[in-house]
Structures are given as structure tokens and as C-alpha cells.
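**Q** What follows is a structure written as C-alpha cells; I'll ask about it next.
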Amino acid sequence: MQFESIPCDQGTIAVVTSDDGAVIRDAQSALDLLMAARYEADADRIAIAKELIADDFFILSTGMAGEILQKYVNYQAKLAIYGDYSHYTSKPLHDFIYESNKGRDFFFVESREEALRKLAEAR
């Protein structure tokens with residue numbers, strides 16, 4: 001896993017890249033990602049491609065998404081996940097995405113550029 005640091009008015013955004021598959025596999029790996037971003041990129045705003053997140057995250061009944069969201073909020077971090085969500089048919093997941101996008105901490109967007117914009121604007 002590597003980070004590309006993008007400066008913004010609110011600090012630094014760490015864009016995650018990886019050649020090793022999923023970076024977020026569970027709540028602990030999401031927390032490890034946050035701590036690595038803070039240490040290596042001096043960032044508490046993270047943009048990550050949807051492909052770097054385990055599929056279980058998008059199955060809300062696993063509780064993984066909620067647990068990760070809570071950890072990031074507790075640590076005052078922001079996360080934007082970018083990618084294509086059109087193939088998901090779960091109404092609860094669509095509702096979760098919709099409500100998250102109305103907030104200030106957790107965003108689901110289509111592109112890297114949109115993720116960077118949302119994180120840069122978030123207060």
C-alpha cells in the first residue's frame with residue numbers, strides 16, 4: 001500500500017494505491033490504514049478505490065461498514081470511496097450510501113476527482 005499526498009485547505013488527503021488487492025478487509029485493517037495515512041502522509045482524509053475494499057463491506061448485514069464508519073468518526077477522520085456502485089441492488093446499501101453522502105465524514109462517489117473534491121470541502 002502506498003499513499004499519494006494531495007494538499008487541500010483542510011490539510012492533506014491521502015489517496016491509497018495498492019498492488020496487493022484489498023487494503024480494507026475488516027475493521028482492524030481500516031484502522032491500520034488510517035494510522036498509516038496519519039503517520040506516512042500526515043493525513044486524516046483518505047480516498048480509496050472501491051476495488052481495494054473487501055466485498056463484505058458492501059453487505060450491510062456483516063456490520064463491517066458501520067463498524068468502520070464509527071471508528072473513523074471516533075478518530076475524526078474522513079473517508080471517500082470511489083467507484084461504480086450501479087450493480088448493487090440492496091436498498092439498505094443504497095440508503096446507507098445516500099445518508100453517508102449527506103454527512104461530513106464518509107462519502108461514496110463515482111470518481112477519484114469527486115472523492116478529492118468531497119474530502120477537500122468537508123469540514
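Residue numbering restarts at 1 for every chain of the C-alpha cells, chains are lettered A, B, ... in their displayed order, and ligands are numbered from 1 as they appear.
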If you count only C-alpha atoms, which residues fall within 9 Å of Ile48 of chain A, apart from same-chain ones fewer than 2 positions away, as an MDAnalysis selection string?
**A** chainID A and resid 14:17 46 50:53 79:83 112 115
**Q** Tell me, which residues of chain A carry DSSP helix (DSSP H, G or I), written as a short mmCIF file (atom, residue, chain, number, x, y, z; two decimals) with all heavy atoms, in the first residue's frame?
**A**
```
data_model
loop_
_atom_site.label_atom_id
_atom_site.label_comp_id
_atom_site.auth_asym_id
_atom_site.auth_seq_id
_atom_site.Cartn_x
_atom_site.Cartn_y
_atom_site.Cartn_z
N ALA A 27 -12.50 -4.29 10.12
CA ALA A 27 -12.39 -3.04 10.87
C ALA A 27 -10.95 -2.76 11.29
O ALA A 27 -10.50 -1.60 11.25
CB ALA A 27 -13.30 -3.08 12.09
N GLN A 28 -10.20 -3.79 11.65
CA GLN A 28 -8.82 -3.57 12.08
C GLN A 28 -7.94 -3.08 10.92
O GLN A 28 -7.13 -2.16 11.10
CB GLN A 28 -8.22 -4.85 12.68
CG GLN A 28 -6.82 -4.64 13.25
CD GLN A 28 -6.76 -3.57 14.33
OE1 GLN A 28 -7.53 -3.62 15.29
NE2 GLN A 28 -5.88 -2.59 14.18
N SER A 29 -8.12 -3.64 9.74
CA SER A 29 -7.31 -3.18 8.61
C SER A 29 -7.69 -1.76 8.21
O SER A 29 -6.84 -0.99 7.76
CB SER A 29 -7.43 -4.14 7.42
OG SER A 29 -8.75 -4.22 6.96
N ALA A 30 -8.96 -1.38 8.39
CA ALA A 30 -9.38 0.01 8.13
C ALA A 30 -8.72 0.96 9.12
O ALA A 30 -8.28 2.05 8.75
CB ALA A 30 -10.90 0.12 8.22
N LEU A 31 -8.63 0.54 10.37
CA LEU A 31 -7.96 1.35 11.39
C LEU A 31 -6.46 1.43 11.11
O LEU A 31 -5.85 2.49 11.24
CB LEU A 31 -8.24 0.78 12.78
CG LEU A 31 -7.86 1.63 13.96
CD1 LEU A 31 -8.50 3.01 13.90
CD2 LEU A 31 -8.26 0.93 15.25
N ASP A 32 -5.87 0.31 10.71
CA ASP A 32 -4.45 0.30 10.33
C ASP A 32 -4.19 1.25 9.17
O ASP A 32 -3.17 1.96 9.16
CB ASP A 32 -3.99 -1.12 9.95
CG ASP A 32 -3.99 -2.08 11.12
OD1 ASP A 32 -4.05 -1.63 12.29
OD2 ASP A 32 -3.93 -3.30 10.86
N LEU A 33 -5.11 1.28 8.20
CA LEU A 33 -4.99 2.20 7.08
C LEU A 33 -4.99 3.64 7.55
O LEU A 33 -4.15 4.45 7.14
CB LEU A 33 -6.13 1.97 6.08
CG LEU A 33 -6.26 3.00 4.96
CD1 LEU A 33 -5.05 2.96 4.04
CD2 LEU A 33 -7.55 2.78 4.19
N LEU A 34 -5.90 3.97 8.45
CA LEU A 34 -5.97 5.33 8.98
C LEU A 34 -4.68 5.71 9.69
O LEU A 34 -4.14 6.79 9.48
CB LEU A 34 -7.17 5.48 9.92
CG LEU A 34 -7.27 6.80 10.68
CD1 LEU A 34 -7.30 7.99 9.74
CD2 LEU A 34 -8.48 6.78 11.60
N MET A 35 -4.18 4.83 10.53
CA MET A 35 -2.95 5.14 11.28
C MET A 35 -1.76 5.27 10.33
O MET A 35 -0.91 6.16 10.51
CB MET A 35 -2.68 4.06 12.33
CG MET A 35 -3.71 4.01 13.44
SD MET A 35 -3.91 5.61 14.26
CE MET A 35 -5.68 5.80 14.17
N ALA A 36 -1.70 4.44 9.29
CA ALA A 36 -0.61 4.55 8.31
C ALA A 36 -0.72 5.87 7.55
O ALA A 36 0.29 6.53 7.30
CB ALA A 36 -0.65 3.36 7.35
N ALA A 37 -1.94 6.27 7.19
CA ALA A 37 -2.12 7.54 6.47
C ALA A 37 -1.69 8.71 7.34
O ALA A 37 -1.07 9.65 6.86
CB ALA A 37 -3.58 7.70 6.05
N ARG A 38 -2.02 8.64 8.62
CA ARG A 38 -1.61 9.72 9.52
C ARG A 38 -0.09 9.76 9.68
O ARG A 38 0.50 10.83 9.69
CB ARG A 38 -2.29 9.56 10.88
CG ARG A 38 -3.74 9.97 10.83
CD ARG A 38 -4.35 10.09 12.19
NE ARG A 38 -5.66 10.73 12.07
CZ ARG A 38 -6.57 10.69 12.99
NH1 ARG A 38 -6.36 10.04 14.11
NH2 ARG A 38 -7.73 11.30 12.80
N TYR A 39 0.53 8.61 9.80
CA TYR A 39 1.96 8.56 10.04
C TYR A 39 2.76 8.85 8.76
O TYR A 39 3.69 9.65 8.77
CB TYR A 39 2.35 7.17 10.58
CG TYR A 39 3.82 7.02 10.82
CD1 TYR A 39 4.44 7.65 11.90
CD2 TYR A 39 4.60 6.26 9.97
CE1 TYR A 39 5.80 7.52 12.12
CE2 TYR A 39 5.96 6.12 10.17
CZ TYR A 39 6.55 6.75 11.25
OH TYR A 39 7.90 6.62 11.46
N GLU A 40 2.37 8.21 7.65
CA GLU A 40 3.16 8.32 6.42
C GLU A 40 2.83 9.56 5.58
O GLU A 40 3.70 10.08 4.90
CB GLU A 40 2.97 7.07 5.57
CG GLU A 40 3.52 5.82 6.22
CD GLU A 40 3.23 4.56 5.42
OE1 GLU A 40 3.12 4.65 4.18
OE2 GLU A 40 3.11 3.49 6.04
N ALA A 41 1.55 9.99 5.61
CA ALA A 41 1.14 11.09 4.74
C ALA A 41 0.65 12.30 5.52
O ALA A 41 0.28 13.30 4.93
CB ALA A 41 0.05 10.63 3.79
N LYS A 50 -12.94 1.62 -4.64
CA LYS A 50 -13.85 0.58 -4.15
C LYS A 50 -13.23 -0.81 -4.30
O LYS A 50 -13.46 -1.68 -3.46
CB LYS A 50 -15.17 0.67 -4.91
CG LYS A 50 -16.23 -0.29 -4.44
CD LYS A 50 -17.52 -0.10 -5.20
CE LYS A 50 -17.55 -0.73 -6.53
NZ LYS A 50 -17.33 -2.16 -6.60
N GLU A 51 -12.43 -1.01 -5.31
CA GLU A 51 -11.81 -2.31 -5.56
C GLU A 51 -10.81 -2.71 -4.47
O GLU A 51 -10.43 -3.87 -4.37
CB GLU A 51 -11.09 -2.30 -6.92
CG GLU A 51 -12.01 -2.20 -8.10
CD GLU A 51 -12.59 -0.80 -8.32
OE1 GLU A 51 -11.94 0.20 -7.95
OE2 GLU A 51 -13.72 -0.72 -8.83
N LEU A 52 -10.38 -1.74 -3.67
CA LEU A 52 -9.42 -2.02 -2.60
C LEU A 52 -10.10 -2.32 -1.27
O LEU A 52 -9.46 -2.36 -0.22
CB LEU A 52 -8.44 -0.85 -2.44
CG LEU A 52 -7.58 -0.56 -3.68
CD1 LEU A 52 -6.68 0.63 -3.42
CD2 LEU A 52 -6.78 -1.79 -4.09
N ASP A 55 -15.45 -7.21 -0.37
CA ASP A 55 -16.86 -7.22 -0.73
C ASP A 55 -17.79 -7.24 0.48
O ASP A 55 -18.90 -6.72 0.42
CB ASP A 55 -17.17 -8.42 -1.62
CG ASP A 55 -16.56 -8.28 -3.01
OD1 ASP A 55 -16.30 -7.13 -3.44
OD2 ASP A 55 -16.34 -9.32 -3.66
N ASP A 56 -17.35 -7.84 1.59
CA ASP A 56 -18.19 -7.90 2.80
C ASP A 56 -18.57 -6.51 3.30
O ASP A 56 -19.60 -6.36 3.95
CB ASP A 56 -17.48 -8.65 3.92
CG ASP A 56 -17.53 -10.15 3.73
OD1 ASP A 56 -18.25 -10.62 2.81
OD2 ASP A 56 -16.87 -10.87 4.49
N PHE A 57 -17.77 -5.53 3.02
CA PHE A 57 -18.07 -4.16 3.43
C PHE A 57 -19.41 -3.72 2.88
O PHE A 57 -20.17 -3.02 3.55
CB PHE A 57 -16.96 -3.21 2.93
CG PHE A 57 -17.19 -1.77 3.26
CD1 PHE A 57 -16.69 -1.22 4.44
CD2 PHE A 57 -17.90 -0.94 2.41
CE1 PHE A 57 -16.89 0.11 4.75
CE2 PHE A 57 -18.11 0.40 2.70
CZ PHE A 57 -17.61 0.92 3.88
N PHE A 58 -19.72 -4.12 1.66
CA PHE A 58 -20.92 -3.68 0.96
C PHE A 58 -22.13 -4.56 1.25
O PHE A 58 -23.21 -4.35 0.70
CB PHE A 58 -20.65 -3.58 -0.54
CG PHE A 58 -19.55 -2.60 -0.84
CD1 PHE A 58 -18.26 -3.03 -1.07
CD2 PHE A 58 -19.79 -1.24 -0.83
CE1 PHE A 58 -17.23 -2.14 -1.32
CE2 PHE A 58 -18.78 -0.32 -1.06
CZ PHE A 58 -17.49 -0.78 -1.32
N LEU A 60 -24.32 -4.99 4.19
CA LEU A 60 -24.51 -4.29 5.46
C LEU A 60 -24.79 -5.23 6.63
O LEU A 60 -24.46 -4.91 7.77
CB LEU A 60 -25.63 -3.26 5.34
CG LEU A 60 -25.32 -2.08 4.42
CD1 LEU A 60 -26.46 -1.07 4.46
CD2 LEU A 60 -24.01 -1.41 4.79
N SER A 61 -25.36 -6.40 6.36
CA SER A 61 -25.67 -7.32 7.45
C SER A 61 -24.41 -7.85 8.15
O SER A 61 -24.49 -8.34 9.27
CB SER A 61 -26.52 -8.49 6.94
OG SER A 61 -25.81 -9.22 5.95
N THR A 62 -23.24 -7.70 7.53
CA THR A 62 -21.99 -8.12 8.19
C THR A 62 -21.61 -7.14 9.31
O THR A 62 -20.82 -7.49 10.19
CB THR A 62 -20.82 -8.21 7.20
OG1 THR A 62 -20.51 -6.89 6.71
CG2 THR A 62 -21.13 -9.15 6.05
N MET A 64 -19.72 -4.65 9.00
CA MET A 64 -18.37 -4.12 8.75
C MET A 64 -18.40 -2.63 8.41
O MET A 64 -17.60 -1.86 8.96
CB MET A 64 -17.73 -4.92 7.63
CG MET A 64 -16.30 -4.57 7.33
SD MET A 64 -15.67 -5.79 6.14
CE MET A 64 -14.45 -4.83 5.33
N ALA A 65 -19.29 -2.21 7.53
CA ALA A 65 -19.34 -0.80 7.13
C ALA A 65 -19.64 0.10 8.32
O ALA A 65 -18.98 1.13 8.52
CB ALA A 65 -20.38 -0.60 6.02
N GLY A 66 -20.61 -0.28 9.12
CA GLY A 66 -20.98 0.52 10.29
C GLY A 66 -19.86 0.61 11.31
O GLY A 66 -19.60 1.68 11.88
N GLU A 67 -19.18 -0.50 11.52
CA GLU A 67 -18.07 -0.52 12.48
C GLU A 67 -16.92 0.37 12.01
O GLU A 67 -16.35 1.13 12.80
CB GLU A 67 -17.58 -1.96 12.67
CG GLU A 67 -16.53 -2.10 13.74
CD GLU A 67 -16.10 -3.54 13.97
OE1 GLU A 67 -16.62 -4.46 13.31
OE2 GLU A 67 -15.22 -3.73 14.83
N ILE A 68 -16.61 0.32 10.73
CA ILE A 68 -15.54 1.15 10.18
C ILE A 68 -15.93 2.62 10.23
O ILE A 68 -15.14 3.47 10.63
CB ILE A 68 -15.18 0.70 8.75
CG1 ILE A 68 -14.50 -0.66 8.81
CG2 ILE A 68 -14.31 1.74 8.05
CD1 ILE A 68 -14.30 -1.32 7.46
N LEU A 69 -17.16 2.92 9.85
CA LEU A 69 -17.64 4.31 9.90
C LEU A 69 -17.51 4.85 11.33
O LEU A 69 -17.01 5.95 11.53
CB LEU A 69 -19.09 4.38 9.44
CG LEU A 69 -19.78 5.73 9.61
CD1 LEU A 69 -19.16 6.78 8.69
CD2 LEU A 69 -21.25 5.62 9.34
N GLN A 70 -17.91 4.06 12.31
CA GLN A 70 -17.84 4.51 13.70
C GLN A 70 -16.39 4.77 14.13
O GLN A 70 -16.10 5.76 14.79
CB GLN A 70 -18.49 3.49 14.63
CG GLN A 70 -18.62 3.99 16.05
CD GLN A 70 -19.48 5.24 16.14
OE1 GLN A 70 -20.61 5.26 15.69
NE2 GLN A 70 -18.93 6.30 16.71
N LYS A 71 -15.48 3.88 13.74
CA LYS A 71 -14.06 4.07 14.10
C LYS A 71 -13.51 5.36 13.48
O LYS A 71 -12.82 6.11 14.14
CB LYS A 71 -13.23 2.87 13.65
CG LYS A 71 -13.44 1.64 14.51
CD LYS A 71 -12.46 0.56 14.17
CE LYS A 71 -12.69 -0.70 14.95
NZ LYS A 71 -12.68 -0.56 16.39
N TYR A 72 -13.83 5.61 12.21
CA TYR A 72 -13.33 6.80 11.55
C TYR A 72 -13.91 8.07 12.17
O TYR A 72 -13.20 9.06 12.35
CB TYR A 72 -13.59 6.75 10.04
CG TYR A 72 -12.49 6.02 9.30
CD1 TYR A 72 -12.19 4.69 9.59
CD2 TYR A 72 -11.74 6.65 8.34
CE1 TYR A 72 -11.17 4.03 8.94
CE2 TYR A 72 -10.72 5.99 7.67
CZ TYR A 72 -10.44 4.69 7.98
OH TYR A 72 -9.42 4.05 7.33
N VAL A 73 -15.18 8.03 12.53
CA VAL A 73 -15.79 9.19 13.20
C VAL A 73 -15.12 9.40 14.56
O VAL A 73 -14.78 10.53 14.93
CB VAL A 73 -17.31 9.01 13.34
CG1 VAL A 73 -17.91 10.05 14.26
CG2 VAL A 73 -17.98 9.08 11.97
N ASN A 74 -14.91 8.33 15.32
CA ASN A 74 -14.26 8.44 16.63
C ASN A 74 -12.86 9.04 16.53
O ASN A 74 -12.44 9.78 17.41
CB ASN A 74 -14.19 7.08 17.32
CG ASN A 74 -15.53 6.59 17.79
OD1 ASN A 74 -16.52 7.32 17.84
ND2 ASN A 74 -15.60 5.31 18.13
N LYS A 91 -31.41 -2.28 -1.27
CA LYS A 91 -31.98 -1.00 -0.87
C LYS A 91 -31.31 -0.46 0.40
O LYS A 91 -30.99 0.73 0.46
CB LYS A 91 -33.50 -1.10 -0.68
CG LYS A 91 -34.09 0.25 -0.28
CD LYS A 91 -35.58 0.25 -0.26
CE LYS A 91 -36.23 1.52 0.20
NZ LYS A 91 -35.47 2.64 0.59
N PRO A 92 -31.08 -1.31 1.43
CA PRO A 92 -30.38 -0.78 2.61
C PRO A 92 -29.00 -0.19 2.27
O PRO A 92 -28.61 0.82 2.84
CB PRO A 92 -30.26 -1.99 3.53
CG PRO A 92 -31.40 -2.87 3.14
CD PRO A 92 -31.55 -2.69 1.66
N LEU A 93 -28.27 -0.82 1.35
CA LEU A 93 -26.97 -0.28 0.96
C LEU A 93 -27.14 1.05 0.25
O LEU A 93 -26.41 2.01 0.53
CB LEU A 93 -26.20 -1.26 0.07
CG LEU A 93 -24.84 -0.75 -0.44
CD1 LEU A 93 -23.89 -0.46 0.72
CD2 LEU A 93 -24.22 -1.75 -1.40
N HIS A 94 -28.09 1.14 -0.65
CA HIS A 94 -28.34 2.42 -1.34
C HIS A 94 -28.73 3.51 -0.34
O HIS A 94 -28.29 4.65 -0.46
CB HIS A 94 -29.42 2.26 -2.42
CG HIS A 94 -28.91 1.58 -3.66
ND1 HIS A 94 -28.17 2.23 -4.61
CD2 HIS A 94 -29.02 0.30 -4.07
CE1 HIS A 94 -27.84 1.38 -5.56
NE2 HIS A 94 -28.35 0.20 -5.27
N ASP A 95 -29.55 3.15 0.66
CA ASP A 95 -29.93 4.11 1.69
C ASP A 95 -28.71 4.54 2.52
O ASP A 95 -28.56 5.72 2.85
CB ASP A 95 -31.00 3.52 2.62
CG ASP A 95 -32.33 3.32 1.92
OD1 ASP A 95 -32.53 3.88 0.82
OD2 ASP A 95 -33.18 2.58 2.48
N PHE A 96 -27.83 3.58 2.85
CA PHE A 96 -26.62 3.87 3.60
C PHE A 96 -25.72 4.83 2.82
O PHE A 96 -25.20 5.80 3.37
CB PHE A 96 -25.88 2.56 3.91
CG PHE A 96 -24.60 2.73 4.67
CD1 PHE A 96 -24.60 3.04 6.02
CD2 PHE A 96 -23.37 2.56 4.03
CE1 PHE A 96 -23.42 3.19 6.72
CE2 PHE A 96 -22.19 2.71 4.73
CZ PHE A 96 -22.21 3.03 6.07
N ILE A 97 -25.56 4.57 1.53
CA ILE A 97 -24.75 5.43 0.67
C ILE A 97 -25.36 6.83 0.62
O ILE A 97 -24.65 7.83 0.76
CB ILE A 97 -24.61 4.82 -0.74
CG1 ILE A 97 -23.70 3.58 -0.67
CG2 ILE A 97 -24.08 5.84 -1.74
CD1 ILE A 97 -23.65 2.77 -1.96
N TYR A 98 -26.65 6.90 0.42
CA TYR A 98 -27.34 8.19 0.34
C TYR A 98 -27.16 8.99 1.63
O TYR A 98 -26.80 10.18 1.59
CB TYR A 98 -28.83 7.95 0.06
CG TYR A 98 -29.66 9.20 0.04
CD1 TYR A 98 -29.64 10.05 -1.07
CD2 TYR A 98 -30.45 9.56 1.13
CE1 TYR A 98 -30.39 11.22 -1.09
CE2 TYR A 98 -31.19 10.72 1.12
CZ TYR A 98 -31.17 11.55 0.02
OH TYR A 98 -31.91 12.70 0.00
N GLU A 99 -27.40 8.35 2.77
CA GLU A 99 -27.28 9.06 4.05
C GLU A 99 -25.83 9.45 4.34
O GLU A 99 -25.57 10.53 4.86
CB GLU A 99 -27.83 8.20 5.19
CG GLU A 99 -29.34 8.04 5.15
CD GLU A 99 -30.10 9.35 5.28
OE1 GLU A 99 -29.64 10.24 6.02
OE2 GLU A 99 -31.14 9.48 4.62
N SER A 100 -24.89 8.58 4.01
CA SER A 100 -23.47 8.90 4.22
C SER A 100 -23.06 10.11 3.40
O SER A 100 -22.35 10.99 3.89
CB SER A 100 -22.58 7.71 3.83
OG SER A 100 -22.80 6.63 4.69
N ASN A 101 -23.53 10.18 2.17
CA ASN A 101 -23.16 11.29 1.29
C ASN A 101 -23.77 12.62 1.75
O ASN A 101 -23.28 13.68 1.35
CB ASN A 101 -23.56 10.99 -0.15
CG ASN A 101 -22.62 10.01 -0.80
OD1 ASN A 101 -21.49 9.83 -0.37
ND2 ASN A 101 -23.08 9.36 -1.85
N LYS A 102 -24.79 12.57 2.57
CA LYS A 102 -25.36 13.80 3.12
C LYS A 102 -24.56 14.31 4.32
O LYS A 102 -24.72 15.45 4.73
CB LYS A 102 -26.81 13.57 3.55
CG LYS A 102 -27.75 13.45 2.36
CD LYS A 102 -29.18 13.12 2.72
CE LYS A 102 -29.72 13.69 3.98
NZ LYS A 102 -31.13 13.34 4.23
N ARG A 112 -12.34 9.40 -8.69
CA ARG A 112 -11.26 9.88 -7.81
C ARG A 112 -11.35 11.39 -7.64
O ARG A 112 -11.18 11.91 -6.54
CB ARG A 112 -9.93 9.47 -8.42
CG ARG A 112 -8.71 9.90 -7.64
CD ARG A 112 -7.45 9.45 -8.38
NE ARG A 112 -6.26 9.67 -7.62
CZ ARG A 112 -5.49 10.76 -7.71
NH1 ARG A 112 -5.81 11.72 -8.55
NH2 ARG A 112 -4.41 10.88 -6.97
N GLU A 113 -11.63 12.08 -8.73
CA GLU A 113 -11.72 13.54 -8.69
C GLU A 113 -12.85 14.00 -7.77
O GLU A 113 -12.69 14.95 -7.00
CB GLU A 113 -11.94 14.11 -10.10
CG GLU A 113 -10.77 13.93 -11.03
CD GLU A 113 -10.59 12.49 -11.53
OE1 GLU A 113 -11.59 11.73 -11.56
OE2 GLU A 113 -9.46 12.11 -11.87
N GLU A 114 -13.98 13.30 -7.83
CA GLU A 114 -15.09 13.65 -6.96
C GLU A 114 -14.75 13.34 -5.50
O GLU A 114 -15.12 14.10 -4.59
CB GLU A 114 -16.36 12.90 -7.39
CG GLU A 114 -17.60 13.42 -6.72
CD GLU A 114 -18.87 12.76 -7.22
OE1 GLU A 114 -18.82 11.92 -8.13
OE2 GLU A 114 -19.94 13.12 -6.67
N ALA A 115 -14.03 12.26 -5.26
CA ALA A 115 -13.61 11.92 -3.90
C ALA A 115 -12.71 13.04 -3.34
O ALA A 115 -12.89 13.46 -2.20
CB ALA A 115 -12.86 10.58 -3.89
N LEU A 116 -11.77 13.49 -4.14
CA LEU A 116 -10.87 14.55 -3.70
C LEU A 116 -11.65 15.84 -3.42
O LEU A 116 -11.39 16.52 -2.42
CB LEU A 116 -9.79 14.81 -4.75
CG LEU A 116 -8.77 13.67 -4.96
CD1 LEU A 116 -7.86 13.99 -6.12
CD2 LEU A 116 -8.01 13.40 -3.69
N ARG A 117 -12.62 16.16 -4.27
CA ARG A 117 -13.41 17.37 -4.06
C ARG A 117 -14.23 17.27 -2.77
O ARG A 117 -14.24 18.20 -1.97
CB ARG A 117 -14.34 17.59 -5.26
CG ARG A 117 -15.17 18.87 -5.16
CD ARG A 117 -16.11 19.07 -6.33
NE ARG A 117 -17.04 17.98 -6.54
CZ ARG A 117 -18.13 17.76 -5.79
NH1 ARG A 117 -18.41 18.54 -4.78
NH2 ARG A 117 -18.93 16.73 -6.06
N LYS A 118 -14.89 16.13 -2.55
CA LYS A 118 -15.71 15.96 -1.34
C LYS A 118 -14.84 16.07 -0.07
O LYS A 118 -15.22 16.71 0.90
CB LYS A 118 -16.42 14.61 -1.36
CG LYS A 118 -17.57 14.55 -2.31
CD LYS A 118 -18.72 15.33 -1.79
CE LYS A 118 -20.00 14.56 -1.88
NZ LYS A 118 -21.13 15.31 -1.35
N LEU A 119 -13.69 15.42 -0.10
CA LEU A 119 -12.81 15.46 1.07
C LEU A 119 -12.23 16.85 1.30
O LEU A 119 -12.08 17.29 2.44
CB LEU A 119 -11.68 14.44 0.92
CG LEU A 119 -12.11 12.98 1.02
CD1 LEU A 119 -10.98 12.05 0.59
CD2 LEU A 119 -12.59 12.64 2.43
N ALA A 120 -11.93 17.56 0.23
CA ALA A 120 -11.39 18.92 0.36
C ALA A 120 -12.42 19.87 0.91
O ALA A 120 -12.09 20.81 1.65
CB ALA A 120 -10.87 19.41 -0.99
N GLU A 121 -13.69 19.65 0.57
CA GLU A 121 -14.76 20.56 1.02
C GLU A 121 -15.29 20.21 2.41
O GLU A 121 -15.92 21.05 3.06
CB GLU A 121 -15.93 20.50 0.02
CG GLU A 121 -15.59 21.08 -1.33
CD GLU A 121 -16.70 20.84 -2.35
OE1 GLU A 121 -17.69 20.14 -2.04
OE2 GLU A 121 -16.58 21.38 -3.47
#
```
**Q** Within chain A, find each residue whose DSSP state, derived from the backbone, is strand (DSSP E or B), and express the selection as an MDAnalysis selection string.
**A** chainID A and resid 2:8 11:17 24 45:49 53 78:82 106:109
**Q** Separation of atom CA of Ala122 of chain A and atom CA of Asp9 of chain A, in Å?
**A** 10.1 Å
**Q** Name the closest residue to Val23 of chain A among the candidates A:Gln76, A:Thr89, A:Ser111, A:Gln2; distances are taken between atoms, counting only C-alpha atoms.
**A**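 For Val23 of chain A, the nearest of the candidates is A:Gln2.
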**Q** As an exercise, work out the distance from atom CA of Gly11 of chain A to atom CA of Lys78 of chain A in Å and give it to one decimal place.
**A**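 Separating atom CA of Gly11 of chain A from atom CA of Lys78 of chain A is a distance of 11.6 Å.
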**Q** Have a look at atom CA of Asp44 of chain A and atom CA of Ile59 of chain A and let me know their distance in Å, one decimal.
**A**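 We find that atom CA of Asp44 of chain A and atom CA of Ile59 of chain A lie 25.4 Å from each other.
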**Q** Go through A:Ile13, A:Gly103, A:Asp20, A:Val109 and flag the residue nearest Ala47 of chain A, using only C-alpha atoms for the distances.
**A**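 Closest residue, counting only C-alpha atoms: A:Ile13.
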